[in-house]
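Q: I am sharing query-v5.txt, which consists of compact mmCIF, C-alpha atoms:
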# COMPACT_ATOMS: atom_id res chain seq x y z
CA MET A 1 16.60 -6.68 -11.10
CA SER A 2 13.03 -6.55 -9.79
CA ARG A 3 10.13 -7.89 -11.82
CA ILE A 4 7.12 -5.59 -12.18
CA PHE A 5 3.62 -6.05 -13.58
CA LEU A 6 1.56 -3.03 -14.69
CA VAL A 7 -2.24 -2.73 -14.66
CA ASP A 8 -3.99 0.36 -16.04
CA ASP A 9 -6.62 0.99 -18.71
CA GLU A 10 -4.62 3.87 -20.21
CA THR A 11 -2.23 2.49 -22.82
CA MET A 12 -0.12 5.65 -22.90
CA LEU A 13 0.39 5.50 -19.15
CA LEU A 14 1.34 1.83 -19.32
CA ASP A 15 3.92 2.61 -21.98
CA SER A 16 5.28 5.57 -20.02
CA LEU A 17 5.60 3.53 -16.84
CA GLU A 18 7.33 0.75 -18.75
CA ILE A 19 9.92 3.19 -20.09
CA ILE A 20 10.51 4.89 -16.73
CA LEU A 21 10.85 1.64 -14.80
CA SER A 22 12.89 -0.16 -17.45
CA LEU A 23 15.42 2.68 -17.48
CA ASN A 24 15.82 2.30 -13.73
CA ASP A 25 16.77 -1.37 -13.47
CA HIS A 26 13.28 -2.87 -13.29
CA GLU A 27 12.01 -5.56 -15.64
CA ILE A 28 8.42 -5.26 -16.86
CA VAL A 29 7.13 -8.83 -17.01
CA GLY A 30 3.61 -7.98 -18.17
CA LYS A 31 0.95 -5.34 -18.73
CA ALA A 32 -2.85 -5.50 -18.51
CA HIS A 33 -5.76 -3.12 -19.06
CA ASP A 34 -8.12 -4.54 -16.42
CA GLY A 35 -8.33 -7.03 -13.59
CA VAL A 36 -9.48 -9.99 -15.67
CA GLU A 37 -6.63 -9.63 -18.15
CA ALA A 38 -4.20 -9.16 -15.27
CA LEU A 39 -5.23 -12.40 -13.56
CA GLU A 40 -4.94 -14.29 -16.85
CA LYS A 41 -1.40 -13.03 -17.42
CA LEU A 42 -0.23 -13.30 -13.81
CA SER A 43 -0.59 -17.07 -13.96
CA SER A 44 2.39 -17.24 -16.33
CA VAL A 45 4.70 -14.62 -14.77
CA SER A 46 6.16 -14.15 -11.31
CA PRO A 47 6.36 -10.44 -10.52
CA ASP A 48 7.79 -9.02 -7.32
CA LEU A 49 5.44 -6.05 -7.45
CA ALA A 50 2.35 -4.92 -9.34
CA LEU A 51 1.36 -1.31 -9.99
CA VAL A 52 -2.44 -1.25 -10.05
CA ASP A 53 -4.92 1.44 -11.05
CA LEU A 54 -8.33 1.41 -9.34
CA ASN A 55 -10.82 2.76 -11.86
CA MET A 56 -10.91 0.34 -14.82
CA LYS A 57 -13.72 -1.13 -16.90
CA GLY A 58 -14.65 -4.70 -16.04
CA MET A 59 -12.80 -5.90 -12.97
CA GLY A 60 -11.41 -2.82 -11.24
CA GLY A 61 -8.41 -2.46 -9.00
CA ILE A 62 -10.13 -3.06 -5.66
CA GLU A 63 -11.38 -6.51 -6.66
CA LEU A 64 -8.07 -7.30 -8.35
CA ILE A 65 -6.10 -6.48 -5.21
CA GLY A 66 -8.19 -8.94 -3.20
CA GLU A 67 -7.78 -11.68 -5.81
CA MET A 68 -4.05 -11.09 -6.14
CA LYS A 69 -3.49 -11.27 -2.40
CA ARG A 70 -5.48 -14.50 -2.31
CA LEU A 71 -3.75 -16.14 -5.28
CA TYR A 72 -0.31 -14.53 -5.11
CA PRO A 73 0.23 -13.40 -1.50
CA ASP A 74 3.94 -12.75 -1.98
CA VAL A 75 3.43 -10.18 -4.74
CA LYS A 76 3.63 -6.61 -3.43
CA ILE A 77 0.96 -4.18 -4.68
CA LEU A 78 1.33 -0.44 -5.19
CA VAL A 79 -1.88 1.40 -6.02
CA LEU A 80 -1.26 4.16 -8.55
CA THR A 81 -4.44 6.15 -9.12
CA THR A 82 -6.08 9.57 -9.31
CA PHE A 83 -8.68 8.65 -6.67
CA TYR A 84 -8.18 9.36 -2.97
CA ASP A 85 -11.71 9.27 -1.59
CA ASP A 86 -12.22 7.49 1.72
CA ARG A 87 -13.86 4.41 0.29
CA ASN A 88 -11.19 3.64 -2.30
CA ILE A 89 -8.39 4.20 0.21
CA THR A 90 -9.85 2.00 2.93
CA ASP A 91 -10.95 -0.71 0.49
CA ALA A 92 -7.56 -0.89 -1.23
CA ILE A 93 -5.55 -0.99 1.98
CA GLY A 94 -8.09 -3.25 3.66
CA ARG A 95 -7.66 -5.80 0.87
CA GLY A 96 -3.89 -5.78 1.22
CA ALA A 97 -2.32 -3.01 -0.89
CA ASP A 98 1.25 -2.33 0.25
CA GLY A 99 1.22 1.28 -0.88
CA TYR A 100 -1.07 3.97 -2.24
CA LEU A 101 0.28 6.71 -4.50
CA LEU A 102 -1.42 9.34 -6.66
CA LYS A 103 -0.56 9.55 -10.34
CA ASP A 104 0.38 13.20 -10.12
CA SER A 105 3.18 12.38 -7.66
CA GLY A 106 5.77 12.39 -10.43
CA LYS A 107 8.45 10.04 -11.72
CA ASP A 108 10.81 10.31 -8.75
CA ALA A 109 8.04 9.60 -6.24
CA ILE A 110 6.90 6.54 -8.19
CA LEU A 111 10.44 5.17 -8.43
CA GLY A 112 11.00 5.87 -4.75
CA ALA A 113 7.76 4.12 -3.79
CA VAL A 114 8.70 1.06 -5.85
CA ARG A 115 12.10 0.86 -4.14
CA GLN A 116 10.55 1.38 -0.72
CA ILE A 117 7.96 -1.36 -1.08
CA LEU A 118 10.40 -3.83 -2.62
CA GLY A 119 12.69 -3.12 0.33
CA GLY A 120 9.99 -4.08 2.82
CA GLY A 121 8.58 -0.64 3.53
CA ALA A 122 5.10 0.84 3.18
CA VAL A 123 4.27 3.91 1.11
CA LEU A 124 1.30 6.24 1.49
CA ASP A 125 0.85 9.47 -0.42
CA ALA A 126 0.73 12.49 1.90
CA LYS A 127 -2.86 13.27 0.87
CA VAL A 128 -3.88 9.67 1.51
CA MET A 129 -2.17 9.66 4.92
CA GLN A 130 -4.03 12.82 5.90
CA ARG A 131 -7.39 11.32 4.96
CA LEU A 132 -6.67 8.12 6.88
CA THR A 133 -5.60 10.07 9.94
CA ALA A 134 -8.86 11.99 9.79
CA LEU A 135 -10.80 8.73 9.51
CA VAL A 136 -9.26 7.10 12.57
CA THR A 137 -9.36 10.23 14.72
CA GLY A 138 -12.86 11.24 13.69
CA GLY A 139 -11.71 14.60 12.34
CA SER A 140 -12.08 16.13 8.90
CA PRO A 141 -9.29 16.04 6.30
CA GLU A 142 -7.80 19.36 5.27
CA TYR A 143 -8.72 18.73 1.67
CA GLY A 144 -11.70 16.85 0.39
CA GLY A 145 -10.15 14.47 -2.08
CA GLN A 146 -12.32 13.36 -4.96
CA SER A 147 -16.06 13.73 -4.58
CA ALA A 148 -18.75 11.38 -5.77
CA ALA A 149 -18.97 13.45 -8.94
CA ASP A 150 -15.31 12.62 -9.58
CA GLY A 151 -15.89 8.92 -9.17
CA GLY A 152 -16.60 8.31 -5.48
CA GLN A 153 -19.79 6.51 -4.52
CA THR A 154 -22.62 8.09 -2.56
CA GLY A 155 -25.78 6.68 -1.07
CA ALA A 156 -26.36 4.13 1.67
CA GLU A 157 -24.13 1.44 0.21
CA GLY A 158 -21.16 3.76 -0.22
CA ASN A 159 -21.58 5.15 3.29
CA ARG A 160 -21.83 1.68 4.78
CA ASN A 161 -18.60 0.55 3.18
CA THR A 162 -16.74 3.67 4.27
CA ASP A 163 -17.98 3.22 7.84
CA VAL A 164 -16.65 -0.35 7.81
CA GLY A 165 -13.30 1.05 6.71
CA LYS A 166 -13.34 3.61 9.52
CA ASP A 167 -14.12 0.95 12.11
CA SER A 168 -11.33 -1.24 10.79
CA PHE A 169 -8.67 1.47 11.07
CA ARG A 170 -9.92 2.72 14.43
CA SER A 171 -9.77 -0.86 15.68
CA GLY A 172 -6.17 -0.98 14.50
CA VAL A 173 -5.27 2.13 16.51
CA SER A 174 -6.94 0.63 19.58
CA SER A 175 -4.96 -2.59 19.11
CA VAL A 176 -1.67 -0.67 19.32
CA GLU A 177 -2.73 1.41 22.30
CA ASN A 178 -4.19 -1.51 24.25
CA ALA A 179 -1.88 -4.39 23.34
CA ALA A 180 -2.18 -7.10 26.01
CA ASP A 181 1.57 -7.62 25.95
CA PRO A 182 3.21 -4.14 26.01
CA LEU A 183 5.85 -3.37 23.41
CA THR A 184 9.46 -3.37 24.57
CA GLU A 185 11.62 -0.27 24.20
CA ARG A 186 13.37 -1.82 21.19
CA GLU A 187 10.02 -2.68 19.59
CA LYS A 188 8.84 0.90 20.16
CA GLU A 189 12.05 2.12 18.55
CA ILE A 190 11.43 -0.05 15.50
CA CYS A 191 7.83 1.16 15.33
CA ALA A 192 9.06 4.75 15.25
CA LEU A 193 11.40 3.95 12.37
CA MET A 194 8.60 2.19 10.50
CA VAL A 195 6.50 5.34 10.84
CA GLU A 196 9.40 7.29 9.29
CA GLY A 197 9.01 4.99 6.29
CA LEU A 198 12.27 3.09 6.67
CA THR A 199 12.60 -0.35 5.12
CA ASN A 200 13.77 -3.38 7.10
CA ARG A 201 17.29 -2.96 5.70
CA GLN A 202 17.36 0.73 6.62
CA ILE A 203 16.11 -0.05 10.14
CA ALA A 204 18.79 -2.70 10.49
CA ASP A 205 21.49 -0.25 9.39
CA ARG A 206 20.20 2.47 11.73
CA LEU A 207 20.15 0.16 14.77
CA TYR A 208 23.28 -1.85 13.87
CA ILE A 209 21.44 -5.16 13.91
CA SER A 210 20.75 -7.74 11.20
CA GLU A 211 17.80 -7.52 8.85
CA GLY A 212 16.65 -10.91 10.11
CA THR A 213 16.54 -9.54 13.66
CA VAL A 214 14.40 -6.61 12.46
CA LYS A 215 11.99 -9.05 10.83
CA ASN A 216 11.75 -11.00 14.10
CA TYR A 217 10.97 -7.82 16.03
CA ILE A 218 8.31 -6.80 13.54
CA SER A 219 6.77 -10.27 13.73
CA ASN A 220 6.55 -9.86 17.52
CA ILE A 221 4.95 -6.43 17.07
CA TYR A 222 2.38 -7.94 14.72
CA ASP A 223 1.54 -10.62 17.28
CA LYS A 224 1.26 -8.17 20.17
CA THR A 225 -0.94 -5.67 18.34
CA GLY A 226 -2.93 -8.17 16.31
CA ILE A 227 -2.21 -6.13 13.16
CA HIS A 228 -0.47 -8.35 10.61
CA ASP A 229 -0.12 -5.81 7.81
CA ARG A 230 2.66 -3.23 7.56
CA VAL A 231 0.55 -0.49 6.00
CA LYS A 232 -2.25 -0.84 8.56
CA LEU A 233 0.27 -0.95 11.41
CA THR A 234 1.99 2.18 10.15
CA ILE A 235 -1.36 3.98 9.94
CA ALA A 236 -2.27 2.90 13.48
CA LEU A 237 1.12 4.01 14.83
CA ARG A 238 0.87 7.42 13.18
CA SER A 239 -2.63 8.12 14.46
Rewrite the structure of this file - the entire thing - as structure tokens.

A:
Amino acid sequence: MSRIFLVDDETMLLDSLEIILSLNDHEIVGKAHDGVEALEKLSSVSPDLALVDLNMKGMGGIELIGEMKRLYPDVKILVLTTFYDDRNITDAIGRGADGYLLKDSGKDAILGAVRQILGGGAVLDAKVMQRLTALVTGGSPEYGGQSAADGGQTGAEGNRNTDVGKDSFRSGVSSVENAADPLTEREKEICALMVEGLTNRQIADRLYISEGTVKNYISNIYDKTGIHDRVKLTIALRS
């Protein structure tokens, strides 16, 4: 049974998530309404995964993700939010989020994302993936996401941070395309399966090899591309 920690400033949502996850073989080891409370409680529990909202009073989700990855690097993080503006997406993934899902995705999508991330996969909402693809290719997303009026930040500071995010993801794409040590055919095959969203176990089953062997291949891919994050690598491979 996996151990899950929930962070959101909406009590009703926390309670709903607790019920949904508890009924599907997940143990809720703690709940918090903001980043400060989360860090206080995380010191006494050992979750496998944390579901984190972004827009909270006090310490928000972006800062919390960075602190969690610094203090508890083995804890997986799934962002669950209503915001999918460029800045929030790039900041959350840039700080180490393992997945990014919108709250309107529904119960089945949330449960599937939790399973996927716990199994070693990466999860990105379709709307989020489209915005990231537009960022790294220099195009415009099909839909605009949330505007500044909905909570995004405008002005020079907001633009600067988003540009940093763009540069980071574009650099990731370049790292894949121009790896000094070219990927082998097997590594390319594993990359393709990662893009499909398969977990390490699913890749192992598909290729009839051990999960440990898959992990070794992925480690080699990380070294060759210089991208040591599954979400960022998946974005770079898809772009």

Q: For atom CA of A:Asn55 and atom CA of A:Ile89, quote the distance in Å rounded to one decimal.

A: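 Separation of atom CA of A:Asn55 and atom CA of A:Ile89: 12.4 Å.
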
Q: Leaving out A:Ala192 and any residue of its chain fewer than 5 positions from it, which residues lie within 10 Å of it when counting only C-alpha atoms, given as a ChimeraX atom specification?

A: /A:186-187,197-198,203,234,237-238

Q: Pick the closest to A:Ile4 from A:Leu39, A:Val114, A:Ala97, A:Ile209: which is it, counting only C-alpha atoms?

A: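 Looking only at the distances to A:Ile4, the closest residue turns out to be A:Val114.
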
Q: Which residue is closest to A:Gln116? Choose from A:Glu196, A:Glu37, A:Asp74, A:Asp15 and count all atoms listed in the file.

A: A:Glu196

Q: Please indicate the distance in Å from atom CA of A:Pro182 to atom CA of A:Arg230, rounded to one decimal place.

A: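 Calculated distance between atom CA of A:Pro182 and atom CA of A:Arg230 is 18.5 Å.
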
Q: I need the residue nearest A:Leu42 from this list: A:Val231, A:Leu80, A:Met68, A:Leu102. Use all atoms listed in the file for the distance.

A: A:Met68

Q: Quick check, in Å to one decimal: how far apart do atom CA of A:Ala126 and atom CA of A:Leu101 lie?

A: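 Between atom CA of A:Ala126 and atom CA of A:Leu101 the gap works out to 8.6 Å.
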
Q: Using all atoms listed in the file, which residues sit within 6 Å of A:Val7 once same-chain residues fewer than 3 positions away are excluded, as a VMD selection string?

A: chain A and resid 31 to 33 52

Q: So which residues are close to (2.0, -0.9, -17.2), meaning at most 10 Å away in the file's coordinates with only C-alpha atoms counted, and can you show them as a count of residues only?

A: 27

Q: Counting all atoms listed in the file, what is within 9 Å of stretch 63-67 of chain A, bar same-chain residues fewer than 5 positions away, as a count of residues only?

A: 15
